[in-house]
$ cat my_file39.txt   # compact mmCIF, C-alpha atoms
# COMPACT_ATOMS: atom_id res chain seq x y z
CA MET C 1 -99.57 -65.37 48.59
CA LEU C 2 -97.69 -68.08 46.68
CA ASP C 3 -99.59 -69.93 43.97
CA GLY C 4 -99.81 -73.66 43.29
CA ARG C 5 -96.48 -73.61 41.47
CA VAL C 6 -94.62 -73.22 44.77
CA ARG C 7 -94.46 -75.66 47.69
CA VAL C 8 -92.66 -74.41 50.79
CA GLN C 9 -91.12 -76.78 53.33
CA ARG C 10 -89.96 -75.26 56.60
CA GLY C 11 -86.80 -76.62 58.14
CA SER C 12 -88.77 -77.34 61.32
CA ASP C 13 -91.15 -79.58 59.34
CA ARG C 14 -88.47 -81.98 58.15
CA HIS C 15 -88.71 -85.53 59.46
CA ARG C 16 -86.25 -86.16 62.29
CA GLY C 17 -84.10 -89.27 62.15
CA GLY C 18 -80.55 -90.45 62.72
CA GLU C 19 -79.17 -91.83 65.97
CA PRO C 20 -79.26 -89.04 68.57
CA GLY C 21 -77.65 -91.26 71.18
CA GLU C 22 -74.66 -91.67 68.85
CA GLY C 23 -74.40 -87.95 68.11
CA ILE C 24 -76.21 -88.14 64.74
CA ASP C 25 -79.20 -85.83 64.21
CA SER C 26 -80.72 -86.21 60.71
CA ARG C 27 -83.45 -84.09 59.13
CA TYR C 28 -85.05 -85.38 55.94
CA ALA C 29 -86.78 -83.26 53.28
CA PHE C 30 -88.12 -86.35 51.45
CA SER C 31 -89.01 -89.95 52.24
CA PHE C 32 -85.80 -91.58 53.43
CA GLY C 33 -84.80 -94.80 55.15
CA GLY C 34 -87.58 -95.92 57.45
CA HIS C 35 -89.55 -92.70 56.86
CA TYR C 36 -91.97 -93.05 53.93
CA ASP C 37 -94.50 -90.51 52.72
CA PRO C 38 -96.03 -91.47 49.34
CA GLU C 39 -96.76 -87.78 48.67
CA ASN C 40 -93.13 -86.78 49.20
CA VAL C 41 -90.67 -89.07 47.44
CA ARG C 42 -88.87 -86.83 44.93
CA PHE C 43 -88.73 -83.54 43.03
CA GLY C 44 -87.34 -83.89 39.54
CA SER C 45 -84.29 -86.15 39.89
CA LEU C 46 -83.78 -85.07 43.54
CA VAL C 47 -84.72 -87.93 45.88
CA ALA C 48 -83.04 -86.80 49.12
CA CYS C 49 -81.95 -83.57 50.79
CA ASN C 50 -80.75 -84.50 54.26
CA GLU C 51 -79.36 -82.09 56.82
CA GLU C 52 -76.96 -84.03 58.99
CA ARG C 53 -75.75 -82.77 62.35
CA LEU C 54 -72.81 -84.71 63.77
CA ALA C 55 -71.28 -84.22 67.19
CA PRO C 56 -67.46 -84.29 67.38
CA GLY C 57 -66.22 -87.86 66.95
CA SER C 58 -69.48 -89.18 65.50
CA GLY C 59 -70.36 -90.16 61.96
CA PHE C 60 -71.49 -92.83 59.53
CA ALA C 61 -69.55 -96.09 59.41
CA GLU C 62 -68.48 -97.50 56.04
CA HIS C 63 -71.52 -98.13 53.86
CA PRO C 64 -72.27 -98.71 50.16
CA HIS C 65 -74.02 -96.67 47.44
CA ARG C 66 -74.84 -97.42 43.83
CA ASP C 67 -76.75 -95.70 41.01
CA VAL C 68 -76.93 -92.33 42.74
CA GLU C 69 -75.29 -88.92 42.39
CA LEU C 70 -74.25 -87.69 45.87
CA ILE C 71 -73.64 -83.99 46.55
CA SER C 72 -72.31 -82.91 49.96
CA TRP C 73 -72.28 -79.28 51.12
CA VAL C 74 -70.86 -78.29 54.52
CA LEU C 75 -72.80 -75.64 56.45
CA ALA C 76 -70.59 -75.49 59.55
CA GLY C 77 -67.59 -77.43 60.84
CA GLU C 78 -65.55 -79.98 58.89
CA LEU C 79 -66.60 -83.19 57.17
CA THR C 80 -64.04 -85.98 56.76
CA HIS C 81 -64.66 -88.37 53.86
CA ARG C 82 -62.85 -91.69 53.45
CA ASP C 83 -63.58 -94.25 50.77
CA ALA C 84 -62.57 -97.68 49.54
CA ALA C 85 -60.47 -96.08 46.79
CA GLY C 86 -58.07 -94.80 49.48
CA ARG C 87 -59.13 -91.16 49.49
CA THR C 88 -59.26 -89.11 52.67
CA VAL C 89 -60.68 -85.62 52.11
CA THR C 90 -61.71 -82.87 54.52
CA LEU C 91 -64.53 -80.58 53.39
CA ARG C 92 -65.25 -77.14 54.81
CA PRO C 93 -67.97 -74.54 54.21
CA GLY C 94 -67.94 -73.47 50.56
CA ASP C 95 -66.56 -76.81 49.29
CA LEU C 96 -68.68 -79.10 47.11
CA GLN C 97 -68.18 -82.86 47.00
CA HIS C 98 -69.73 -84.89 44.16
CA GLN C 99 -69.69 -88.67 44.13
CA SER C 100 -71.12 -90.56 41.16
CA ALA C 101 -71.68 -93.97 42.71
CA GLY C 102 -72.13 -95.77 39.39
CA ALA C 103 -71.92 -99.54 39.82
CA GLY C 104 -70.89 -99.15 43.45
CA ILE C 105 -68.80 -97.28 46.03
CA ARG C 106 -68.13 -97.60 49.77
CA HIS C 107 -67.28 -94.69 52.05
CA THR C 108 -67.42 -93.22 55.55
CA GLU C 109 -68.42 -89.70 56.65
CA ARG C 110 -67.34 -88.42 60.06
CA ASN C 111 -66.85 -85.35 62.17
CA ALA C 112 -63.18 -85.71 63.04
CA GLY C 113 -62.99 -82.11 64.26
CA ALA C 114 -63.55 -80.49 67.64
CA ALA C 115 -66.63 -78.44 66.65
CA PRO C 116 -70.17 -79.59 65.75
CA LEU C 117 -70.66 -80.40 62.06
CA ARG C 118 -73.69 -79.54 59.93
CA PHE C 119 -73.84 -80.56 56.30
CA LEU C 120 -76.34 -81.21 53.54
CA GLN C 121 -76.27 -84.36 51.48
CA LEU C 122 -78.37 -84.45 48.36
CA TRP C 123 -79.13 -87.58 46.37
CA LEU C 124 -80.03 -87.37 42.68
CA GLU C 125 -81.17 -90.27 40.55
CA PRO C 126 -79.14 -90.72 37.33
CA ALA C 127 -80.89 -91.40 34.04
CA THR C 128 -78.71 -94.48 33.42
CA ALA C 129 -77.71 -97.14 35.93
CA GLY C 130 -74.21 -98.55 36.35
CA GLY C 131 -70.97 -97.16 35.01
CA GLU C 132 -67.64 -96.26 36.58
CA PRO C 133 -67.73 -94.34 39.89
CA ARG C 134 -66.37 -90.79 39.79
CA TYR C 135 -65.26 -88.43 42.54
CA THR C 136 -64.93 -84.63 42.39
CA VAL C 137 -64.26 -81.87 44.92
CA VAL C 138 -64.66 -78.20 44.04
CA ARG C 139 -63.07 -75.88 46.58
CA SER C 140 -64.70 -72.54 47.41
CA VAL C 141 -67.57 -72.63 44.92
CA ALA C 142 -68.06 -69.16 43.44
CA ASP C 143 -71.32 -67.24 43.40
CA GLY C 144 -73.34 -67.58 40.22
CA GLU C 145 -71.29 -70.31 38.51
CA PRO C 146 -73.35 -73.45 37.81
CA TYR C 147 -72.14 -76.89 38.78
CA GLU C 148 -73.41 -79.45 36.29
CA VAL C 149 -74.68 -82.91 37.21
CA PRO C 150 -75.46 -84.12 33.69
CA ALA C 151 -76.13 -87.74 34.68
CA ALA C 152 -79.21 -86.51 36.59
CA GLY C 153 -80.22 -83.69 34.22
CA ALA C 154 -79.46 -81.10 36.91
CA ARG C 155 -77.26 -78.16 37.77
CA LEU C 156 -76.59 -76.32 41.02
CA TRP C 157 -76.20 -72.58 41.45
CA VAL C 158 -74.77 -71.17 44.68
CA ARG C 159 -76.00 -67.61 45.19
CA ARG C 160 -74.88 -65.19 47.90
CA PRO C 161 -76.99 -62.05 47.36
CA ALA C 162 -76.42 -58.83 49.25
CA ALA C 163 -79.21 -57.57 51.47
CA GLY C 164 -82.14 -56.51 49.29
CA GLU C 165 -80.62 -57.83 46.05
CA ARG C 166 -82.97 -59.63 43.65
CA VAL C 167 -81.91 -63.06 42.45
CA GLY C 168 -83.63 -64.50 39.38
CA LEU C 169 -84.59 -68.14 39.16
CA PRO C 170 -83.45 -70.33 36.26
CA PRO C 171 -86.17 -70.85 33.61
CA ALA C 172 -86.23 -74.62 34.12
CA PRO C 173 -89.25 -76.94 34.47
CA ARG C 174 -88.42 -77.45 38.16
CA VAL C 175 -86.32 -75.43 40.60
CA TYR C 176 -85.46 -76.39 44.19
CA LEU C 177 -84.39 -73.47 46.39
CA HIS C 178 -82.73 -74.21 49.75
CA VAL C 179 -81.74 -71.44 52.16
CA ALA C 180 -78.36 -72.55 53.50
CA ALA C 181 -77.87 -69.35 55.52
CA GLY C 182 -79.66 -66.04 56.06
CA ALA C 183 -83.12 -65.45 54.60
CA VAL C 184 -84.91 -64.59 51.36
CA ARG C 185 -88.36 -63.40 50.37
CA LEU C 186 -90.21 -65.42 47.74
CA GLY C 187 -93.25 -63.39 46.76
CA GLU C 188 -94.62 -62.34 50.13
CA THR C 189 -93.27 -65.41 51.92
CA VAL C 190 -90.06 -65.21 53.94
CA LEU C 191 -87.82 -68.28 53.88
CA ALA C 192 -85.34 -68.59 56.73
CA GLU C 193 -82.25 -70.75 57.14
CA GLY C 194 -83.13 -74.40 56.56
CA ASP C 195 -86.34 -73.64 54.65
CA ALA C 196 -86.82 -74.76 51.04
CA ALA C 197 -89.19 -74.16 48.15
CA ARG C 198 -90.06 -76.51 45.28
CA ILE C 199 -91.01 -74.42 42.28
CA THR C 200 -92.48 -75.48 38.95
CA ASP C 201 -92.51 -73.15 35.93
CA PRO C 202 -90.46 -70.39 37.62
CA GLY C 203 -90.22 -68.25 34.48
CA ARG C 204 -92.87 -65.87 35.88
CA GLU C 205 -93.09 -64.03 39.18
CA PRO C 206 -92.60 -64.55 42.07
CA GLN C 207 -88.84 -64.30 42.07
CA PRO C 208 -86.74 -64.49 45.26
CA VAL C 209 -85.36 -61.32 46.82
CA ALA C 210 -82.95 -61.25 49.74
CA VAL C 211 -84.63 -59.82 52.81
CA ALA C 212 -83.33 -56.33 53.55
CA GLY C 213 -80.87 -56.40 56.44
CA ALA C 214 -80.14 -60.12 56.18
CA ALA C 215 -76.40 -60.72 56.31
CA GLY C 216 -74.50 -63.72 55.03
CA THR C 217 -77.32 -65.14 52.89
CA GLU C 218 -76.42 -68.26 50.93
CA LEU C 219 -78.80 -70.08 48.60
CA LEU C 220 -78.50 -73.45 46.91
CA VAL C 221 -80.60 -73.29 43.74
CA TRP C 222 -81.11 -76.53 41.82
CA GLU C 223 -82.59 -76.61 38.35
CA PHE C 224 -83.84 -79.80 36.74
CA ASP C 225 -84.38 -80.50 33.06
CA GLY C 226 -87.54 -82.46 33.75
$ encode --input "my_file39.txt" --output "C-alpha cells"
Amino acid sequence: MLDGRVRVQRGSDRHRGGEPGEGIDSRYAFSFGGHYDPENVRFGSLVACNEERLAPGSGFAEHPHRDVELISWVLAGELTHRDAAGRTVTLRPGDLQHQSAGAGIRHTERNAGAAPLRFLQLWLEPATAGGEPRYTVVRSVADGEPYEVPAAGARLWVRRPAAGERVGLPPAPRVYLHVAAGAVRLGETVLAEGDAARITDPGREPQPVAVAGAAGTELLVWEFDG
C-alpha cells in the first residue's frame, strides 16, 4: 500500500483532448486548455505534462508562449520544431528540448516524418516573469545526469534501470515520476508506461524498483525545490 505522500495517476486516467480529426490526440495530466479540475492544477512548479500523439503530417500551427519553461521529450518518432527566430530542429527519442519563453516566443511543432509521433511536453512556471527567451537542445541525454531548470526551481533526471535494479528518489520536497517506457514498482504498486506518481517527502521508503524482467525501462524523475 502507498501512503498519503504518493498520488498515482494512470496513463488511462488522463483527460483526452486535442483534435482527433486532425491527427492530434492529446492526453493531459493536469488541468489544461478547456479542461479544468480545481483539484488538479499543478505539482510544485509543474503545471502541465501532456502526452501528444501526432499522425504523420499533423501538428500544431504557429502559436505563442510567454512566462513558461517548456520541456519536450520524444517517446517515439520525430518531432520537428520551427520558431520565429528561424530555427528548424528535429528531435528524436533521447533528445531534450528546453524553451524558456520569457517575454514571448512563437513556434510550431509537427510530425514531418512518415511514422506516428509520441512526445511529452511539460510546462513549468518560472519564479520570475519576463526576460529574454532562451533555447537549448541536449542530444542523447545520459542516464543519471540531472538537467537543471533553475528558473522553475526544478531539475530532471532520466533513469534507465536494468531489470530489478533499485533507483533512489531525490530527497526533494516534491518528486514527479513519469514512466516513459517499461515499468517500475513503487512500494507494492506497479507503474506501467504512461503512469506517473506525485510524491511528497520521498526521503523515506517506498523507493522505486524496476520490475524484474521489464526491458527498456525509462523514467523521467522531476525534483522540485518547493
$ atom_distance --input "my_file39.txt" --atom1 "CA of Asp195 (chain C)" --atom2 "CA of Tyr36 (chain C)"
20.2 Å
$ atom_distance --input "my_file39.txt" --atom1 "CA of Asn50 (chain C)" --atom2 "CA of Glu148 (chain C)"
20.1 Å
$ closest_residue --input "my_file39.txt" --among "C:Gly182, C:Val141, C:Ala85, C:Trp123" --to "Val41 (chain C)" --atoms "only C-alpha atoms"
C:Trp123
$ atom_distance --input "my_file39.txt" --atom1 "CA of Ala196 (chain C)" --atom2 "CA of Ala61 (chain C)"
28.7 Å
$ residues_near_point --input "my_file39.txt" --point "(-90.4, -77.1, 32.5)" --cutoff "9 Å" --atoms "all atoms listed in the file" --output "list of chain:residue names"
C:Pro171, C:Ala172, C:Pro173, C:Arg174, C:Thr200, C:Asp201, C:Pro202, C:Phe224, C:Asp225, C:Gly226
$ residues_around --input "my_file39.txt" --residues "Leu79 (chain C)" --least-positions-apart "5" --cutoff "6 Å" --atoms "only C-alpha atoms" --output "mmCIF file with C-alpha atoms, in the coordinates of the input"
data_model
loop_
_atom_site.group_PDB
_atom_site.id
_atom_site.type_symbol
_atom_site.label_atom_id
_atom_site.label_comp_id
_atom_site.auth_asym_id
_atom_site.auth_seq_id
_atom_site.Cartn_x
_atom_site.Cartn_y
_atom_site.Cartn_z
ATOM 1 C CA THR C 90 -61.710 -82.870 54.520
ATOM 2 C CA LEU C 91 -64.530 -80.580 53.390
ATOM 3 C CA ASN C 111 -66.850 -85.350 62.170
#
$ closest_residue --input "my_file39.txt" --among "C:Arg82, C:Arg66, C:Arg185, C:His35" --to "Gly18 (chain C)" --atoms "only C-alpha atoms"
C:His35
$ closest_residue --input "my_file39.txt" --among "C:Val137, C:Ala114, C:Ile199, C:Val8" --to "Gly44 (chain C)" --atoms "all atoms listed in the file"
C:Ile199
$ residues_near_point --input "my_file39.txt" --point "(-64.6, -85.5, 59.9)" --cutoff "7 Å" --atoms "all atoms listed in the file" --output "list in words"
Glu78, Leu79, Thr80, His81, Thr90, Glu109, Arg110, Asn111, Ala112 and Gly113 of chain C
$ residues_around --input "my_file39.txt" --residues "Tyr176 (chain C)" --least-positions-apart "5" --cutoff "8 Å" --atoms "all atoms listed in the file" --output "PDB file with C-alpha atoms, in the coordinates of the input"
ATOM      1  CA  PHE C  43     -88.730 -83.540  43.030  1.00  0.00           C
ATOM      2  CA  ALA C 196     -86.820 -74.760  51.040  1.00  0.00           C
ATOM      3  CA  ALA C 197     -89.190 -74.160  48.150  1.00  0.00           C
ATOM      4  CA  ARG C 198     -90.060 -76.510  45.280  1.00  0.00           C
ATOM      5  CA  ILE C 199     -91.010 -74.420  42.280  1.00  0.00           C
ATOM      6  CA  VAL C 221     -80.600 -73.290  43.740  1.00  0.00           C
ATOM      7  CA  TRP C 222     -81.110 -76.530  41.820  1.00  0.00           C
ATOM      8  CA  GLU C 223     -82.590 -76.610  38.350  1.00  0.00           C
TER       9      GLU C 223
END
$ residues_around --input "my_file39.txt" --residues "Trp157 (chain C)" --least-positions-apart "5" --cutoff "9 Å" --atoms "all atoms listed in the file" --output "list of chain:residue names"
C:Asp143, C:Gly144, C:Glu145, C:Pro146, C:Tyr147, C:Leu219, C:Leu220, C:Val221, C:Trp222, C:Glu223
$ closest_residue --input "my_file39.txt" --among "C:Gly94, C:Gly216, C:Gly21, C:Pro126" --to "Gly59 (chain C)" --atoms "only C-alpha atoms"
C:Gly21
$ closest_residue --input "my_file39.txt" --among "C:Val149, C:Val68, C:Val167, C:Leu191" --to "Thr128 (chain C)" --atoms "all atoms listed in the file"
C:Val68
$ closest_residue --input "my_file39.txt" --among "C:Gln97, C:Thr88, C:Ser58, C:Ser45" --to "Pro116 (chain C)" --atoms "only C-alpha atoms"
C:Ser58
$ residues_around --input "my_file39.txt" --residues "Pro161 (chain C)" --least-positions-apart "3" --cutoff "8 Å" --atoms "only C-alpha atoms" --output "ChimeraX atom specification"
/C:164-167,210,217-218
$ residues_around --input "my_file39.txt" --residues "Arg27 (chain C)" --least-positions-apart "4" --cutoff "8 Å" --atoms "only C-alpha atoms" --output "count of residues only"
8
